[in-house]
Every structure is written in structure tokens, then in C-alpha cells.
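Source file: structure39.cif; contents: mmCIF, C-alpha atoms.
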```
data_my_file
#
loop_
_atom_site.label_atom_id
_atom_site.label_comp_id
_atom_site.auth_asym_id
_atom_site.auth_seq_id
_atom_site.Cartn_x
_atom_site.Cartn_y
_atom_site.Cartn_z
CA MET A 25 -48.58 50.42 -39.81
CA LYS A 26 -44.92 50.02 -39.04
CA LYS A 27 -45.81 48.61 -35.61
CA GLU A 28 -48.12 46.05 -37.25
CA HIS A 29 -45.34 44.86 -39.55
CA ILE A 30 -42.92 44.48 -36.63
CA PHE A 31 -45.61 42.67 -34.61
CA LEU A 32 -46.43 40.32 -37.52
CA ALA A 33 -42.72 39.66 -38.16
CA CYS A 34 -42.17 38.80 -34.50
CA LEU A 35 -45.30 36.62 -34.44
CA PHE A 36 -44.21 34.83 -37.62
CA THR A 37 -40.69 34.24 -36.22
CA PHE A 38 -42.12 32.94 -32.95
CA LEU A 39 -44.46 30.51 -34.75
CA VAL A 40 -41.69 29.22 -37.00
CA LEU A 41 -39.39 28.63 -34.03
CA TYR A 42 -42.17 27.14 -31.90
CA THR A 43 -43.26 24.84 -34.73
CA ASN A 44 -39.70 23.59 -35.28
CA ARG A 45 -39.32 23.01 -31.60
CA ALA A 46 -42.61 21.20 -31.32
CA PHE A 47 -41.74 18.85 -34.15
CA SER A 48 -38.07 18.27 -33.32
CA GLN A 49 -37.11 14.82 -32.24
CA LEU A 50 -34.76 13.65 -29.51
CA ASP A 51 -32.29 10.92 -30.35
CA GLU A 52 -30.70 8.76 -27.67
CA ALA A 53 -27.84 6.37 -28.11
CA GLN A 54 -26.19 3.96 -25.70
CA LEU A 55 -22.57 3.05 -25.44
CA ASN A 56 -21.53 0.03 -23.39
CA ILE A 57 -18.17 0.29 -21.69
CA ASN A 58 -16.58 -2.89 -20.44
CA PHE A 59 -13.38 -3.39 -18.50
CA SER A 60 -11.90 -5.96 -16.19
CA LEU A 61 -9.64 -5.50 -13.19
CA PRO A 62 -7.58 -8.58 -12.37
CA GLU A 63 -6.71 -9.60 -8.85
CA ILE A 64 -3.51 -7.85 -7.86
CA ALA A 65 -1.11 -8.78 -5.05
CA LEU A 66 2.26 -7.02 -5.39
CA ILE A 67 4.86 -6.30 -2.72
CA ASP A 68 8.16 -4.41 -2.75
CA ILE A 69 10.87 -3.38 -0.28
CA GLU A 70 12.33 0.13 -0.63
CA PRO A 71 14.84 1.50 -1.26
CA ASN A 72 15.54 -1.13 -3.86
CA PHE A 73 19.21 -0.15 -4.29
CA ASN A 74 20.14 -0.94 -0.67
CA ASN A 75 17.59 -2.45 1.66
CA ASN A 76 20.07 -4.21 3.94
CA VAL A 77 19.70 -3.83 7.67
CA TYR A 78 22.83 -3.38 9.77
CA PHE A 79 23.28 -3.55 13.53
CA THR A 80 26.12 -2.42 15.71
CA ILE A 81 26.82 -4.35 18.86
CA SER A 82 28.73 -2.72 21.62
CA SER A 83 29.59 -3.89 25.09
CA GLY A 84 27.74 -2.30 27.95
CA VAL A 85 29.10 0.87 29.47
CA GLU A 86 29.44 -0.73 32.87
CA SER A 87 30.83 -4.14 33.71
CA GLY A 88 28.01 -6.55 34.36
CA ASN A 89 25.71 -5.02 31.72
CA SER A 90 24.65 -6.91 28.59
CA PRO A 91 25.76 -5.90 25.07
CA VAL A 92 23.77 -3.15 23.33
CA PHE A 93 22.28 -3.83 19.87
CA GLN A 94 21.50 -0.81 17.74
CA GLN A 95 20.00 -0.76 14.21
CA VAL A 96 22.17 1.47 12.01
CA SER A 97 19.99 1.54 8.86
CA THR A 98 16.48 2.81 9.58
CA ASN A 99 14.85 3.86 6.31
CA ILE A 100 13.36 0.57 5.06
CA TRP A 101 9.79 0.65 3.68
CA ILE A 102 7.35 -1.97 2.43
CA ASN A 103 5.04 -1.03 -0.50
CA TYR A 104 2.12 -3.10 -1.77
CA SER A 105 -0.80 -3.06 -4.20
CA SER A 106 -3.91 -5.15 -3.67
CA SER A 107 -7.06 -5.80 -5.70
CA LEU A 108 -9.31 -8.45 -4.18
CA SER A 109 -11.92 -10.67 -5.77
CA SER A 110 -15.47 -10.32 -4.52
CA LEU A 111 -15.02 -13.54 -2.49
CA GLN A 112 -11.97 -12.33 -0.56
CA HIS A 113 -12.21 -10.18 2.52
CA SER A 114 -8.60 -9.09 3.06
CA ARG A 115 -4.92 -9.89 2.72
CA SER A 116 -1.92 -9.89 5.04
CA VAL A 117 1.82 -9.46 4.68
CA VAL A 118 3.79 -12.19 6.41
CA ALA A 119 7.52 -12.32 7.14
CA GLU A 120 9.81 -15.24 7.88
CA LEU A 121 13.50 -16.00 8.12
CA SER A 122 14.43 -17.81 4.93
CA GLN A 123 18.19 -18.28 5.15
CA ALA A 124 19.11 -17.77 8.75
CA ASP A 125 22.43 -17.84 10.49
CA LEU A 126 20.80 -16.45 13.63
CA LEU A 127 22.66 -17.55 16.68
CA ASP A 128 21.12 -19.52 19.49
CA GLY A 129 20.00 -17.31 22.31
CA ILE A 130 19.32 -14.26 20.07
CA THR A 131 15.85 -13.21 18.88
CA LEU A 132 15.27 -10.88 15.92
CA TYR A 133 12.13 -8.72 16.04
CA LEU A 134 10.35 -6.87 13.26
CA GLU A 135 7.70 -4.17 13.52
CA ALA A 136 5.82 -2.47 10.68
CA SER A 137 4.67 1.09 11.37
CA ASN A 138 1.15 2.33 10.69
CA TYR A 139 0.52 3.26 7.04
CA SER A 140 1.67 6.61 5.72
CA GLY A 141 2.11 7.85 2.17
CA SER A 142 0.45 8.94 -1.04
CA GLY A 143 -1.61 5.83 -1.83
CA GLY A 144 -5.33 5.19 -1.60
CA GLY A 145 -7.81 2.56 -0.49
CA GLN A 146 -8.02 0.28 2.56
CA HIS A 147 -4.44 -0.03 3.81
CA GLY A 148 -3.43 -2.69 6.29
CA GLN A 149 -2.74 -2.29 9.98
CA SER A 150 0.48 -3.13 11.78
CA ALA A 151 0.45 -6.41 13.69
CA GLY A 152 2.90 -4.92 16.19
CA LYS A 153 6.32 -6.21 17.13
CA ILE A 154 6.80 -9.88 16.20
CA ALA A 155 9.66 -12.32 16.73
CA LEU A 156 10.93 -13.58 13.38
CA SER A 157 11.42 -17.32 12.84
CA SER A 158 11.34 -19.82 10.00
CA GLN A 159 7.52 -19.84 10.29
CA PRO A 160 5.60 -17.04 8.48
CA LYS A 161 4.06 -14.48 10.85
CA SER A 162 1.75 -11.60 9.97
CA ILE A 163 3.32 -8.15 10.19
CA ILE A 164 0.51 -6.25 8.37
CA THR A 165 -3.15 -7.37 8.45
CA ASN A 166 -6.56 -6.37 7.02
CA ILE A 167 -5.29 -5.17 3.63
CA GLY A 168 -8.19 -4.41 1.30
CA ASN A 169 -8.30 -2.88 -2.18
CA CYS A 170 -5.49 -0.35 -2.09
CA PHE A 171 -2.07 0.86 -3.16
CA THR A 172 0.51 2.39 -0.84
CA GLY A 173 2.43 4.62 -3.21
CA ASP A 174 5.92 3.71 -4.38
CA GLY A 175 9.27 4.30 -2.74
CA ILE A 176 10.43 5.42 0.67
CA ASN A 177 7.94 7.32 2.85
CA ASN A 178 5.09 5.30 1.29
CA GLY A 179 3.58 2.22 2.88
CA HIS A 180 4.88 0.93 6.20
CA SER A 181 8.30 1.67 7.67
CA LEU A 182 10.06 -1.47 8.93
CA SER A 183 12.13 -1.47 12.09
CA PHE A 184 14.18 -4.35 13.44
CA SER A 185 15.53 -5.05 16.89
CA ILE A 186 17.60 -7.80 18.47
CA ASP A 187 17.24 -9.19 21.94
CA ILE A 188 19.31 -11.73 23.81
CA SER A 189 16.80 -14.34 24.90
CA ASP A 190 19.31 -16.77 26.47
CA TYR A 191 22.75 -15.32 27.13
CA ALA A 192 24.13 -18.75 28.05
CA LYS A 193 23.75 -19.84 24.39
CA VAL A 194 25.37 -16.76 22.79
CA VAL A 195 28.80 -17.28 21.21
CA SER A 196 31.10 -14.80 19.48
CA VAL A 197 30.94 -14.72 15.65
CA GLU A 198 32.43 -12.52 12.94
CA ASN A 199 29.20 -11.98 10.95
CA ALA A 200 25.70 -13.42 11.08
CA ASN A 201 23.59 -13.05 7.90
CA LEU A 202 19.81 -13.37 7.69
CA LEU A 203 17.39 -13.27 4.79
CA VAL A 204 13.85 -12.11 5.54
CA LEU A 205 11.19 -13.26 3.07
CA TYR A 206 8.01 -11.15 2.72
CA THR A 207 4.82 -12.54 1.17
CA ILE A 208 1.40 -10.96 0.60
CA THR A 209 -1.21 -13.63 1.30
CA ASP A 210 -4.97 -14.06 0.99
CA ASN A 211 -6.88 -14.44 4.25
#
```
In C-alpha cells, how does this file's structure come out?
Amino acid sequence: MKKEHIFLACLFTFLVLYTNRAFSQLDEAQLNINFSLPEIALIDIEPNFNNNVYFTISSGVESGNSPVFQQVSTNIWINYSSSLSSLQHSRSVVAELSQADLLDGITLYLEASNYSGSGGGQHGQSAGKIALSSQPKSIITNIGNCFTGDGINNGHSLSFSIDISDYAKVVSVENANLLVLYTITDN
């Protein structure tokens, strides 16, 4: 008799639970989430407290040799952020001499390294070593949707070099100052 009561109690509990489950209803709700991401094209040179480039010029070790140009400051980085519209394919960073006291016969070169850092996305590629002039020239190409990370050791390291292209035009000066203008452009 005791087994029958336990069996009936279990059967009753099962039927109550099964009936509730069979007649329960499922509710669904929808939530629309909307956001917009504007086009972004930002560029920065690091370190921002001193991003000047200095060269030392020394005479050759042996008579008859040309002067030796050496870049003293070497830790200059370019950072950028890019968000493209669906119609754009890529961006580039161009550089040009804006306020130049560059002497005749001397050529200033700029080279961006390959990307390194803590950013994400489709970073640009170095365009190699380019001669700077008053006309904008690409130094980094094929930039997609990305960010490089901020500060030194993020983005592309910039290195400069000077070459004497026509020694006959070179004259002695105390100081020559140049201003390099960087622009991130749509392709």
C-alpha cells in the first residue's frame, strides 16, 4: 500500500509538471540596436613633446671625401586612425616640404617603416624611401579601416636621410630649417 501511494504521488507530480510544461507559452521580444560610425581620418606624429629631427654634418675622414650626414634623433613615429565609407577603397599618408630652407644641391629623403604596434585593422604599407619636395608624395599606402595604437613604437617609424645631389650648388650655412607636412588622403 505504501508503494502505491508513492507511485501515485510520483505519477501525480509528473502529470502536473508535464501539463504545465505542455501549456506554457514562449514569449519573444526584439530589440533594435542602431549606431553609426563616422568616417575617420586622423594622423599624429610622436613623440608630441619633441618630434624635431636633427642631423650632424661632419667632414670626411680623408681629404677628397664628401661630408657625412647623420640623423641624430631616430625615434619619430607616425600614428593614424582610419574609418572608410563603403565607397572608398583605401587611404594614403603623403608628406611634403611646407616651409623649406633646403639648400640647392641637397636632397632630403624620408622612409616610413613597415607597421608595428598594438593597433588593429588593415594598416598601410611603406612606399619606401622618397625624396621630399614641395609636392605631396605618398609615404604610406593602402590604409584601410584601422588604428595604429598611440605613441612611440606604434604605427610607422620615420627615418630621414640627406644626400648631396649636386655638390657644385652646396654653400655653407649656419642652420637650415625645414617643415614637413603630413596629410592622410583618400585614394
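The smallest atom-to-atom distance between Glu120 in chain A and any of A:Gln159, A:Ser137, A:Asn211, A:Gln95, using only C-alpha atoms, is found for A:Gln159.
A distance cut-off of 10 Å around (-1.9, 9.2, -3.1), counting all atoms listed in the file, selects these protein and nucleic acid residues: Ser140, Gly141, Ser142, Gly143, Gly144, Gly145, Phe171, Thr172, Gly173, Asp174 and Asn178 of chain A.
Shown here are all protein and nucleic acid residues lying within 9 Å of (17.2, 0.0, -1.6), with only C-alpha atoms considered: Ile69, Glu70, Pro71, Asn72, Phe73, Asn74, Asn75, Asn76, Ile100 and Ile176 of chain A.
The neighbours of Ala192 in chain A here are the residues that come within 12 Å of it, using all atoms listed in the file and leaving out any residue fewer than 4 positions away in the same chain; they are Ser90, Leu127, Asp128, Gly129, Ile130, Ile188 and Ser196 of chain A.
Taking CA of Leu55 in chain A as the reference point, CA of Cys170 in chain A is found at 29.1 Å.
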Evaluating the PyMOL selection byres ((chain A and resi 105-112) around 7) on the displayed file yields which residues, as a PDB file with C-alpha atoms, keeping the file's coordinate frame?
```
ATOM      1  CA  GLU A  63      -6.710  -9.600  -8.850  1.00  0.00           C
ATOM      2  CA  ILE A  64      -3.510  -7.850  -7.860  1.00  0.00           C
ATOM      3  CA  ALA A  65      -1.110  -8.780  -5.050  1.00  0.00           C
ATOM      4  CA  LEU A  66       2.260  -7.020  -5.390  1.00  0.00           C
ATOM      5  CA  ILE A  67       4.860  -6.300  -2.720  1.00  0.00           C
ATOM      6  CA  TYR A 104       2.120  -3.100  -1.770  1.00  0.00           C
ATOM      7  CA  HIS A 113     -12.210 -10.180   2.520  1.00  0.00           C
ATOM      8  CA  SER A 114      -8.600  -9.090   3.060  1.00  0.00           C
ATOM      9  CA  GLY A 168      -8.190  -4.410   1.300  1.00  0.00           C
ATOM     10  CA  ASN A 169      -8.300  -2.880  -2.180  1.00  0.00           C
ATOM     11  CA  CYS A 170      -5.490  -0.350  -2.090  1.00  0.00           C
ATOM     12  CA  PHE A 171      -2.070   0.860  -3.160  1.00  0.00           C
ATOM     13  CA  THR A 172       0.510   2.390  -0.840  1.00  0.00           C
TER      14      THR A 172
END
```
Two-atom distance - CA of Ser158 in chain A, CA of Ala136 in chain A (Å): 18.2 Å
Selection result for the PyMOL selection byres ((chain A and resi 122) around 10) on this file, as a ChimeraX atom specification: /A:119-121,123-125,157-160,202-206
Output of the PyMOL selection byres ((chain A and resi 150) around 10), listed as a PDB file with C-alpha atoms, in the frame of the given file:
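File written: out.pdb
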```
ATOM      1  CA  SER A 116      -1.920  -9.890   5.040  1.00  0.00           C
ATOM      2  CA  VAL A 117       1.820  -9.460   4.680  1.00  0.00           C
ATOM      3  CA  GLU A 135       7.700  -4.170  13.520  1.00  0.00           C
ATOM      4  CA  ALA A 136       5.820  -2.470  10.680  1.00  0.00           C
ATOM      5  CA  SER A 137       4.670   1.090  11.370  1.00  0.00           C
ATOM      6  CA  ASN A 138       1.150   2.330  10.690  1.00  0.00           C
ATOM      7  CA  TYR A 139       0.520   3.260   7.040  1.00  0.00           C
ATOM      8  CA  HIS A 147      -4.440  -0.030   3.810  1.00  0.00           C
ATOM      9  CA  GLY A 148      -3.430  -2.690   6.290  1.00  0.00           C
ATOM     10  CA  GLN A 149      -2.740  -2.290   9.980  1.00  0.00           C
ATOM     11  CA  ALA A 151       0.450  -6.410  13.690  1.00  0.00           C
ATOM     12  CA  GLY A 152       2.900  -4.920  16.190  1.00  0.00           C
ATOM     13  CA  LYS A 153       6.320  -6.210  17.130  1.00  0.00           C
ATOM     14  CA  SER A 162       1.750 -11.600   9.970  1.00  0.00           C
ATOM     15  CA  ILE A 163       3.320  -8.150  10.190  1.00  0.00           C
ATOM     16  CA  ILE A 164       0.510  -6.250   8.370  1.00  0.00           C
ATOM     17  CA  THR A 165      -3.150  -7.370   8.450  1.00  0.00           C
ATOM     18  CA  ASN A 166      -6.560  -6.370   7.020  1.00  0.00           C
ATOM     19  CA  HIS A 180       4.880   0.930   6.200  1.00  0.00           C
TER      20      HIS A 180
END
```
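Atom to atom, CA of Val96 in chain A and CA of Asp68 in chain A stand 21.2 Å apart.
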Pick from A:Leu50, A:Gln146, A:Thr131, A:Asn177 nearest to Thr98 in chain A, counting only C-alpha atoms: A:Asn177
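Considering only C-alpha atoms, the residue among A:Asn199, A:Gln94, A:Gln54, A:Asn103 positioned nearest to Phe184 in chain A is A:Gln94.
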